[in-house]
$ cat my_file-v8.csv   # CSV, C-alpha atoms and all ligand atoms
chain,number,residue,atom,x,y,z
A,1109,MET,CA,165.4,229.8,56.5
A,1110,GLY,CA,162.1,229.2,54.7
A,1111,VAL,CA,159.5,226.5,54.5
A,1112,ARG,CA,158.4,226.1,50.9
A,1113,GLY,CA,154.8,225.7,49.9
A,1114,GLU,CA,152.4,223.9,52.1
A,1115,THR,CA,154.2,220.6,52.4
A,1116,ALA,CA,155.9,221.3,55.7
A,1117,PRO,CA,152.7,221.9,57.7
A,1118,ARG,CA,151.1,218.8,56.1
A,1119,LEU,CA,154.1,216.8,56.9
A,1120,LEU,CA,154.0,218.0,60.5
A,1121,ALA,CA,150.3,217.0,60.7
A,1122,GLU,CA,151.2,213.5,59.4
A,1123,LEU,CA,154.0,213.1,62.0
A,1124,ALA,CA,151.7,214.3,64.8
A,1125,ASP,CA,149.1,211.7,64.0
A,1126,ALA,CA,151.3,208.7,64.0
A,1127,TYR,CA,153.8,207.2,66.5
A,1128,ALA,CA,156.2,206.7,63.7
A,1129,VAL,CA,155.9,206.8,59.9
A,1130,SER,CA,158.1,205.7,57.1
A,1131,GLY,CA,159.5,208.0,54.4
A,1132,SER,CA,157.7,206.1,51.7
A,1133,ASP,CA,154.3,206.3,53.5
A,1134,LEU,CA,154.8,210.0,54.0
A,1135,ALA,CA,155.7,210.4,50.3
A,1136,GLU,CA,152.5,208.6,49.3
A,1137,ARG,CA,150.3,210.5,51.7
A,1138,LEU,CA,151.7,213.9,50.6
A,1139,GLY,CA,151.9,213.1,46.9
A,1140,VAL,CA,155.6,213.9,46.7
A,1141,SER,CA,158.9,212.0,46.3
A,1142,ARG,CA,160.8,210.4,49.1
A,1143,ALA,CA,163.6,212.8,48.4
A,1144,ALA,CA,161.1,215.7,48.9
A,1145,VAL,CA,160.0,214.2,52.2
A,1146,TRP,CA,163.6,213.9,53.4
A,1147,LYS,CA,164.3,217.5,52.4
A,1148,GLN,CA,161.2,218.8,54.3
A,1149,ILE,CA,162.2,216.7,57.3
A,1150,GLU,CA,165.5,218.5,57.2
A,1151,ARG,CA,163.8,221.8,57.0
A,1152,LEU,CA,161.6,221.1,60.0
A,1153,ARG,CA,164.8,220.0,61.9
A,1154,GLN,CA,166.5,223.2,60.9
A,1155,LEU,CA,163.5,225.2,62.2
A,1156,GLY,CA,164.2,223.5,65.6
A,1157,LEU,CA,161.8,220.6,65.7
A,1158,PRO,CA,163.5,217.4,67.0
A,1159,ILE,CA,162.5,214.5,64.7
A,1160,ALA,CA,164.1,211.1,65.3
A,1161,ALA,CA,164.7,208.7,62.4
A,1162,GLN,CA,164.6,205.0,63.3
A,1163,ALA,CA,165.6,202.2,61.0
A,1164,GLY,CA,162.6,200.0,60.4
A,1165,SER,CA,159.9,202.3,61.8
A,1166,GLY,CA,160.6,205.7,60.2
A,1167,TYR,CA,160.3,209.2,61.4
A,1168,ARG,CA,159.0,210.1,64.8
A,1169,LEU,CA,158.5,213.4,66.7
A,1170,GLN,CA,160.6,213.5,69.9
A,1171,ALA,CA,157.9,215.3,71.8
A,1172,PRO,CA,154.2,215.3,71.5
A,1173,LEU,CA,153.1,217.9,69.0
A,1174,ASP,CA,151.1,220.8,70.3
A,1175,ARG,CA,149.9,222.7,67.2
A,1176,LEU,CA,148.4,226.2,67.4
A,1177,ASP,CA,144.8,226.1,66.3
A,1178,ALA,CA,142.4,229.0,65.9
A,1179,GLY,CA,139.4,226.8,66.4
A,1180,GLN,CA,140.7,225.4,69.7
A,1181,ILE,CA,141.7,228.9,71.0
A,1182,ALA,CA,138.2,230.1,70.2
A,1183,ALA,CA,136.6,227.1,71.8
A,1184,LEU,CA,138.7,227.8,75.0
A,1185,SER,CA,137.5,231.4,75.1
A,1186,THR,CA,134.3,232.9,76.3
A,1187,PRO,CA,131.5,233.8,73.8
A,1188,VAL,CA,132.1,237.5,74.8
A,1189,LEU,CA,135.7,237.3,73.9
A,1190,ARG,CA,135.1,235.5,70.7
A,1191,HIS,CA,132.6,238.2,69.7
A,1192,ARG,CA,135.0,241.0,70.5
A,1193,LEU,CA,138.0,239.7,68.6
A,1194,GLY,CA,138.2,241.4,65.2
A,1195,SER,CA,140.1,238.4,63.8
A,1196,LEU,CA,142.2,235.5,65.1
A,1197,ASP,CA,144.7,234.2,62.5
A,1198,VAL,CA,147.1,231.4,63.0
A,1199,GLN,CA,149.6,231.4,60.2
A,1200,TRP,CA,152.1,228.7,59.4
A,1201,GLN,CA,154.9,231.2,58.5
A,1202,VAL,CA,155.2,235.0,58.5
A,1203,ASP,CA,158.1,237.3,58.7
A,1204,SER,CA,156.9,238.7,62.1
A,1205,THR,CA,153.4,238.5,63.5
A,1206,SER,CA,153.8,242.2,64.6
A,1207,SER,CA,154.9,243.3,61.1
A,1208,GLU,CA,151.9,241.5,59.7
A,1209,LEU,CA,149.5,243.4,61.9
A,1210,LEU,CA,151.3,246.7,61.3
A,1211,ARG,CA,150.8,246.1,57.6
A,1212,ARG,CA,147.1,245.3,58.1
A,1213,ALA,CA,146.5,248.3,60.5
A,1214,GLY,CA,145.6,250.7,57.7
A,1215,ALA,CA,143.6,248.3,55.6
A,1216,ASP,CA,141.5,246.6,58.2
A,1217,PRO,CA,139.7,249.1,60.5
A,1218,ARG,CA,138.6,246.5,63.1
A,1219,ASP,CA,139.8,246.5,66.7
A,1220,LEU,CA,141.5,243.6,68.4
A,1221,LEU,CA,143.2,241.8,65.4
A,1222,VAL,CA,145.2,238.8,66.6
A,1223,CYS,CA,148.0,237.1,64.6
A,1224,LEU,CA,149.9,234.0,65.7
A,1225,ALA,CA,152.5,232.1,63.7
A,1226,GLU,CA,154.4,228.8,64.0
A,1227,VAL,CA,157.4,230.2,62.2
A,1228,GLN,CA,158.6,233.8,62.2
A,1229,SER,CA,161.4,234.2,59.6
A,1230,ALA,CA,162.2,237.7,60.9
A,1231,GLY,CA,160.9,237.8,64.5
A,1232,ARG,CA,161.8,241.1,66.2
A,1233,GLY,CA,162.7,241.9,69.8
A,1234,ARG,CA,163.3,245.2,71.4
A,1235,ARG,CA,166.1,247.6,70.5
A,1236,GLY,CA,166.6,246.1,67.0
A,1237,ARG,CA,167.3,242.6,68.3
A,1238,SER,CA,165.9,239.5,66.6
A,1239,TRP,CA,163.5,237.1,68.3
A,1240,GLN,CA,163.9,233.4,67.4
A,1241,MET,CA,162.1,230.4,68.6
A,1242,PRO,CA,162.3,226.8,67.6
A,1243,LEU,CA,159.3,225.4,65.7
A,1244,THR,CA,156.5,224.7,68.2
A,1245,GLY,CA,158.9,225.6,71.0
A,1246,GLY,CA,157.5,229.1,71.6
A,1247,ILE,CA,154.5,231.3,71.3
A,1248,ALA,CA,154.6,234.3,69.0
A,1249,LEU,CA,151.4,236.4,69.4
A,1250,SER,CA,150.6,239.9,68.3
A,1251,LEU,CA,147.5,241.9,69.0
A,1252,LEU,CA,146.4,245.1,67.4
A,1253,LYS,CA,144.5,247.4,69.7
A,1254,ARG,CA,143.1,250.8,68.6
A,1255,PHE,CA,143.0,253.9,70.9
A,1256,ASP,CA,141.3,257.3,70.4
A,1257,ALA,CA,143.2,259.8,72.4
A,1258,GLY,CA,146.7,259.8,70.9
A,1259,MET,CA,150.0,258.1,72.1
A,1260,ALA,CA,150.9,260.1,75.2
A,1261,PRO,CA,148.5,258.1,77.5
A,1262,LEU,CA,150.0,254.8,76.3
A,1263,ALA,CA,153.3,255.2,78.2
A,1264,GLY,CA,152.5,252.3,80.6
A,1265,LEU,CA,151.0,250.0,78.0
A,1266,SER,CA,154.0,247.6,77.9
A,1267,LEU,CA,153.8,247.2,81.7
A,1268,VAL,CA,150.0,246.5,81.6
A,1269,VAL,CA,150.7,243.8,78.9
A,1270,GLY,CA,153.3,242.3,81.2
A,1271,ILE,CA,150.9,242.2,84.1
A,1272,ALA,CA,148.2,240.5,81.9
A,1273,ALA,CA,150.7,238.0,80.6
A,1274,ALA,CA,151.9,237.2,84.1
A,1275,GLN,CA,148.4,236.7,85.3
A,1276,ALA,CA,147.6,234.5,82.3
A,1277,LEU,CA,150.6,232.3,83.0
A,1278,GLU,CA,149.7,232.0,86.7
A,1279,ASP,CA,146.1,231.0,85.6
A,1280,CYS,CA,147.9,228.2,83.7
A,1281,GLY,CA,149.7,227.0,86.7
A,1282,ILE,CA,153.1,228.7,86.3
A,1283,PRO,CA,154.0,230.1,89.8
A,1284,ALA,CA,155.6,233.4,90.7
A,1285,VAL,CA,155.9,235.2,87.4
A,1286,GLY,CA,157.8,238.4,87.7
A,1287,LEU,CA,158.3,241.4,85.4
A,1288,LYS,CA,161.6,243.1,84.6
A,1289,TRP,CA,160.9,246.7,83.6
A,1290,PRO,CA,159.9,247.4,80.9
A,1291,ASN,CA,159.3,244.3,78.9
A,1292,ASP,CA,160.7,241.1,80.2
A,1293,ILE,CA,158.6,238.3,81.7
A,1294,VAL,CA,160.8,236.4,84.2
A,1295,VAL,CA,160.8,233.6,86.7
A,1296,ASP,CA,163.6,233.4,89.2
A,1297,ALA,CA,165.5,236.0,87.2
A,1298,ARG,CA,165.4,233.9,84.1
A,1299,LYS,CA,163.7,235.2,80.9
A,1300,LEU,CA,160.5,233.4,80.1
A,1301,GLY,CA,159.3,235.9,77.5
A,1302,GLY,CA,159.3,239.4,76.2
A,1303,ILE,CA,157.0,242.1,75.0
A,1304,LEU,CA,157.4,244.5,72.1
A,1305,VAL,CA,154.8,247.4,71.8
A,1306,GLU,CA,154.9,249.4,68.5
A,1307,LEU,CA,152.6,252.4,67.9
A,1308,GLY,CA,151.2,253.7,64.7
A,1309,GLY,CA,148.6,256.3,63.5
A,1310,ASP,CA,148.1,259.8,64.8
A,1311,ALA,CA,150.3,260.9,67.7
A,1312,ILE,CA,147.5,263.1,69.1
A,1313,GLY,CA,144.4,261.3,67.7
A,1314,PRO,CA,143.2,257.9,66.6
A,1315,CYS,CA,146.2,255.5,66.8
A,1316,HIS,CA,146.9,251.8,67.3
A,1317,ALA,CA,149.3,249.7,69.2
A,1318,VAL,CA,150.6,246.4,68.0
A,1319,ILE,CA,151.4,244.4,71.1
A,1320,GLY,CA,153.9,241.5,70.4
A,1321,ILE,CA,154.4,238.8,73.0
A,1322,GLY,CA,157.0,236.1,72.7
A,1323,LEU,CA,157.0,233.2,75.2
A,1324,ASN,CA,159.5,230.3,75.6
A,1325,PHE,CA,157.5,227.1,75.5
A,1326,ARG,CA,160.0,224.3,75.0
A,1327,ILE,CA,163.5,225.5,74.4
A,1328,ASP,CA,166.4,223.1,74.0
A,1329,ALA,CA,170.0,223.9,74.8
A,1330,ALA,CA,170.9,224.9,71.2
A,1331,ALA,CA,168.0,227.3,71.0
A,1332,GLY,CA,168.7,228.6,74.5
A,1333,ALA,CA,172.3,229.4,73.6
A,1334,VAL,CA,171.1,232.2,71.3
A,1335,ILE,CA,169.0,233.9,73.9
A,1336,GLY,CA,172.0,235.6,75.4
A,1337,GLN,CA,170.8,235.7,79.0
A,1338,PRO,CA,169.6,233.3,81.6
A,1339,TRP,CA,166.3,231.8,80.3
A,1340,THR,CA,163.6,229.3,81.2
A,1341,ASP,CA,160.6,227.9,79.5
A,1342,LEU,CA,157.0,226.9,80.3
A,1343,THR,CA,157.6,223.2,80.0
A,1344,ARG,CA,160.3,223.2,82.6
A,1345,LEU,CA,158.3,225.4,84.9
A,1346,ALA,CA,155.0,223.5,84.6
A,1347,GLY,CA,156.5,220.0,84.5
A,1348,SER,CA,154.0,217.3,83.9
A,1349,LYS,CA,151.1,219.8,84.3
A,1350,ALA,CA,152.2,221.8,81.3
A,1351,PRO,CA,149.3,223.6,79.6
A,1352,THR,CA,149.0,223.4,75.8
A,1353,ARG,CA,150.0,226.4,73.8
A,1354,ASN,CA,146.3,226.9,72.8
A,1355,GLN,CA,145.3,227.0,76.4
A,1356,ILE,CA,148.0,229.6,77.1
A,1357,VAL,CA,147.0,231.7,74.2
A,1358,ALA,CA,143.3,231.6,75.2
A,1359,ARG,CA,144.2,232.8,78.8
A,1360,LEU,CA,146.6,235.4,77.4
A,1361,LEU,CA,143.9,236.9,75.2
A,1362,ALA,CA,141.3,236.9,78.0
A,1363,ARG,CA,143.7,238.6,80.5
A,1364,LEU,CA,145.1,241.0,77.9
A,1365,ILE,CA,141.7,242.3,76.7
A,1366,ASP,CA,140.4,242.7,80.2
A,1367,ALA,CA,143.6,244.6,81.1
A,1368,LEU,CA,143.4,246.8,78.0
A,1369,ASP,CA,139.7,247.7,78.8
A,1370,ARG,CA,140.7,248.8,82.3
A,1371,PHE,CA,143.8,250.7,80.9
A,1372,CYS,CA,141.6,252.6,78.4
A,1373,ILE,CA,139.3,253.8,81.1
A,1374,ASP,CA,141.7,254.4,84.1
A,1375,GLY,CA,145.2,254.6,82.6
A,1376,PHE,CA,148.2,253.0,84.3
A,1377,GLY,CA,147.5,254.2,87.8
A,1378,PRO,CA,145.4,251.2,89.0
A,1379,PHE,CA,148.2,248.9,87.8
A,1380,VAL,CA,151.0,250.4,89.8
A,1381,ASP,CA,150.5,248.1,92.8
A,1382,GLU,CA,150.1,245.0,90.7
A,1383,PHE,CA,153.4,245.8,88.9
A,1384,ALA,CA,155.1,246.4,92.3
A,1385,ARG,CA,154.1,242.8,93.4
A,1386,ARG,CA,155.9,241.4,90.4
A,1387,ASP,CA,158.7,243.9,90.0
A,1388,ALA,CA,161.9,241.9,89.5
A,1389,LEU,CA,164.1,245.0,89.7
A,1390,LEU,CA,162.7,246.5,92.9
A,1391,ASP,CA,165.5,247.8,95.1
A,1392,ARG,CA,168.1,246.2,92.9
A,1393,PRO,CA,171.2,248.0,91.6
A,1394,VAL,CA,170.7,248.9,88.0
A,1395,ARG,CA,172.8,250.4,85.2
A,1396,VAL,CA,170.9,252.8,82.9
A,1397,LEU,CA,172.4,253.0,79.4
A,1398,ARG,CA,171.5,256.1,77.4
A,1399,GLY,CA,173.5,256.2,74.2
A,1400,ASP,CA,177.2,255.9,75.2
A,1401,ALA,CA,176.5,257.2,78.7
A,1402,THR,CA,175.9,254.8,81.7
A,1403,LEU,CA,174.5,255.8,85.1
A,1404,ASP,CA,174.3,253.5,88.1
A,1405,GLY,CA,171.4,253.7,90.6
A,1406,ILE,CA,168.9,251.7,92.6
A,1407,ALA,CA,165.5,250.8,91.1
A,1408,ARG,CA,162.7,252.1,93.3
A,1409,GLY,CA,159.6,250.8,91.5
A,1410,VAL,CA,157.4,252.5,88.8
A,1411,ASP,CA,155.6,255.8,88.8
A,1412,ALA,CA,152.0,256.4,87.9
A,1413,ARG,CA,152.9,256.7,84.1
A,1414,GLY,CA,154.9,253.5,84.1
A,1415,GLY,CA,158.3,255.1,84.2
A,1416,LEU,CA,161.1,253.4,86.2
A,1417,ARG,CA,162.0,255.3,89.4
A,1418,VAL,CA,165.7,255.2,89.9
A,1419,ALA,CA,167.6,256.5,92.9
A,1420,PHE,CA,170.9,258.0,91.6
A,1421,ALA,CA,173.6,259.5,93.7
A,1422,ASP,CA,172.2,263.0,93.0
A,1423,GLY,CA,168.5,262.1,93.7
A,1424,GLU,CA,165.6,260.1,92.3
A,1425,ARG,CA,164.4,260.4,88.7
A,1426,SER,CA,161.9,258.5,86.6
A,1427,ILE,CA,163.1,257.1,83.3
A,1428,ASP,CA,161.1,256.2,80.2
A,1429,SER,CA,161.4,252.9,78.4
A,1430,GLY,CA,161.9,254.6,75.0
A,1431,GLU,CA,165.0,256.5,76.0
A,1432,VAL,CA,167.1,253.9,77.9
A,1433,SER,CA,168.1,250.3,78.4
A,1434,VAL,CA,168.3,249.0,82.0
A,1435,ARG,CA,170.5,246.2,83.2
A,1436,ALA,CA,170.4,244.7,86.7
A,1437,ARG,CA,173.8,244.9,88.4
A,1438,ARG,CA,175.0,242.2,90.7
B,1501,LIG,C1,161.9,241.3,73.6
B,1501,LIG,O1,162.1,240.7,74.7
B,1501,LIG,O2,162.9,241.8,73.1
B,1501,LIG,C2,160.6,241.4,73.0
B,1501,LIG,C3,160.3,240.1,72.1
B,1501,LIG,C4,159.0,240.2,71.4
B,1501,LIG,C5,158.8,239.0,70.5
B,1501,LIG,C6,157.4,238.9,69.9
B,1501,LIG,S1,157.1,237.3,69.2
B,1501,LIG,C7,155.6,238.0,68.6
B,1501,LIG,C8,155.9,239.4,68.1
B,1501,LIG,N1,156.4,239.3,66.7
B,1501,LIG,C9,157.7,239.8,66.7
B,1501,LIG,O3,158.4,239.9,65.6
B,1501,LIG,N2,158.1,240.1,67.9
B,1501,LIG,C10,157.0,239.9,68.9
$ encode --input "my_file-v8.csv" --output "structure tokens"
Amino acid sequence: MGVRGETAPRLLAELADAYAVSGSDLAERLGVSRAAVWKQIERLRQLGLPIAAQAGSGYRLQAPLDRLDAGQIAALSTPVLRHRLGSLDVQWQVDSTSSELLRRAGADPRDLLVCLAEVQSAGRGRRGRSWQMPLTGGIALSLLKRFDAGMAPLAGLSLVVGIAAAQALEDCGIPAVGLKWPNDIVVDARKLGGILVELGGDAIGPCHAVIGIGLNFRIDAAAGAVIGQPWTDLTRLAGSKAPTRNQIVARLLARLIDALDRFCIDGFGPFVDEFARRDALLDRPVRVLRGDATLDGIARGVDARGGLRVAFADGERSIDSGEVSVRARR
């Protein structure tokens, strides 16, 4: 499902700036036919943006529009953070913000490249799943971070990112954010977001991680139905005090870069206790899926490398996020 040309974002801007606006006014402002306006309205609806059409007054957004804006994100960040970011791009549409940074990794040598997009046409989740979000109903953020000493020390990175994301959300007034090993951000056992870490470069030398974070911001029932597990979103959790997406992104970047700095120096060890405070699987029965084999046990927290400790019938072992999938059992 694509958005052709630049009409859609301009249309969105026009809708955001007015209480309601007629098709003919939109056509005039955008320099296109009324039929083209109607077609683009349909495209925005297909992308998940609720737009009401009222006889007499025209088209109207059903919720206030909260557009991602690089300038606002920068203004909400400290000068030090602004200085450290290699780039901060907000795109209208991309296949996947993480794919975009993976493509740029070889060509752009800077550290801390950030890419956000309103629309991901091929957003990716873990284990080959897709990641979809309605237009303006989520946050899709990827950050490229460079490392010097190979990939082995990066085992706990996804958990560090989860901790930083949870702290950022709590900074924004979302209470009791938990983490479900290795990559889910949860509140009350409902998925609020997910993390996808992809590594590239030299396995034993200079390498990079593209850290992808997807957050549910405002999800309606139709979008929620494809998530495939209990979910929640920031608007529900924050109620009338919901932060803007730009505020959330600014806090995410601040917490993330601070956590990455600490992780580069000290590794995962100092994060073990913080993860334990947020561990949604702690002492829960889990099923570990490795290929066709399943093994049941009790989750016992994480070890100093970020592996999940599981007590099986024949003893406790740590498992790696790359090798298995873990499901909580009832
Ligand atoms: C998961 O829970 O499976 C991880 C989801 C990660 C989604 C984010 S959205 C930004 C970035 N771009 C992608 O294509 N995926 C990640």
$ residues_near_ligand --input "my_file-v8.csv" --ligand "ligand LIG 1501 (chain B)" --cutoff "9 Å" --atoms "all atoms listed in the file" --output "VMD selection string"
chain A and resid 1203 to 1208 1223 to 1225 1228 to 1241 1246 to 1251 1291 to 1293 1299 1301 to 1305 1318 to 1323
$ closest_atom_pairs --input "my_file-v8.csv" --of "segment 1294-1338 of chain A" --to "segment 1383-1404 of chain A" --cutoff "9 Å" --atoms "only C-alpha atoms" --output "Markdown table"
| residue | atom | partner | partner_atom | distance |
| --- | --- | --- | --- | --- |
| A:Val1294 | CA | A:Ala1388 | CA | 7.7 |
| A:Val1295 | CA | A:Ala1388 | CA | 8.8 |
| A:Asp1296 | CA | A:Ala1388 | CA | 8.7 |
| A:Ala1297 | CA | A:Ala1388 | CA | 7.3 |
$ closest_residue --input "my_file-v8.csv" --among "A:Ala1124, A:Leu1152, A:Ala1183, A:Leu1368" --to "Arg1254 of chain A" --atoms "all atoms listed in the file"
A:Leu1368
$ residues_around --input "my_file-v8.csv" --residues "Leu1342 of chain A" --least-positions-apart "2" --cutoff "8 Å" --atoms "all atoms listed in the file" --output "list in words"
Ile1282, Leu1300, Asn1324, Phe1325, Arg1326, Thr1340, Arg1344, Leu1345, Ala1346 and Ala1350 of chain A
$ closest_residue --input "my_file-v8.csv" --among "A:Asp1219, A:Asp1279, A:Asp1328, A:Asp1381" --to "Cys1315 of chain A" --atoms "all atoms listed in the file"
A:Asp1219
$ closest_residue --input "my_file-v8.csv" --among "A:Arg1359, A:Lys1147, A:Arg1370, A:Arg1425" --to "Ala1273 of chain A" --atoms "all atoms listed in the file"
A:Arg1359
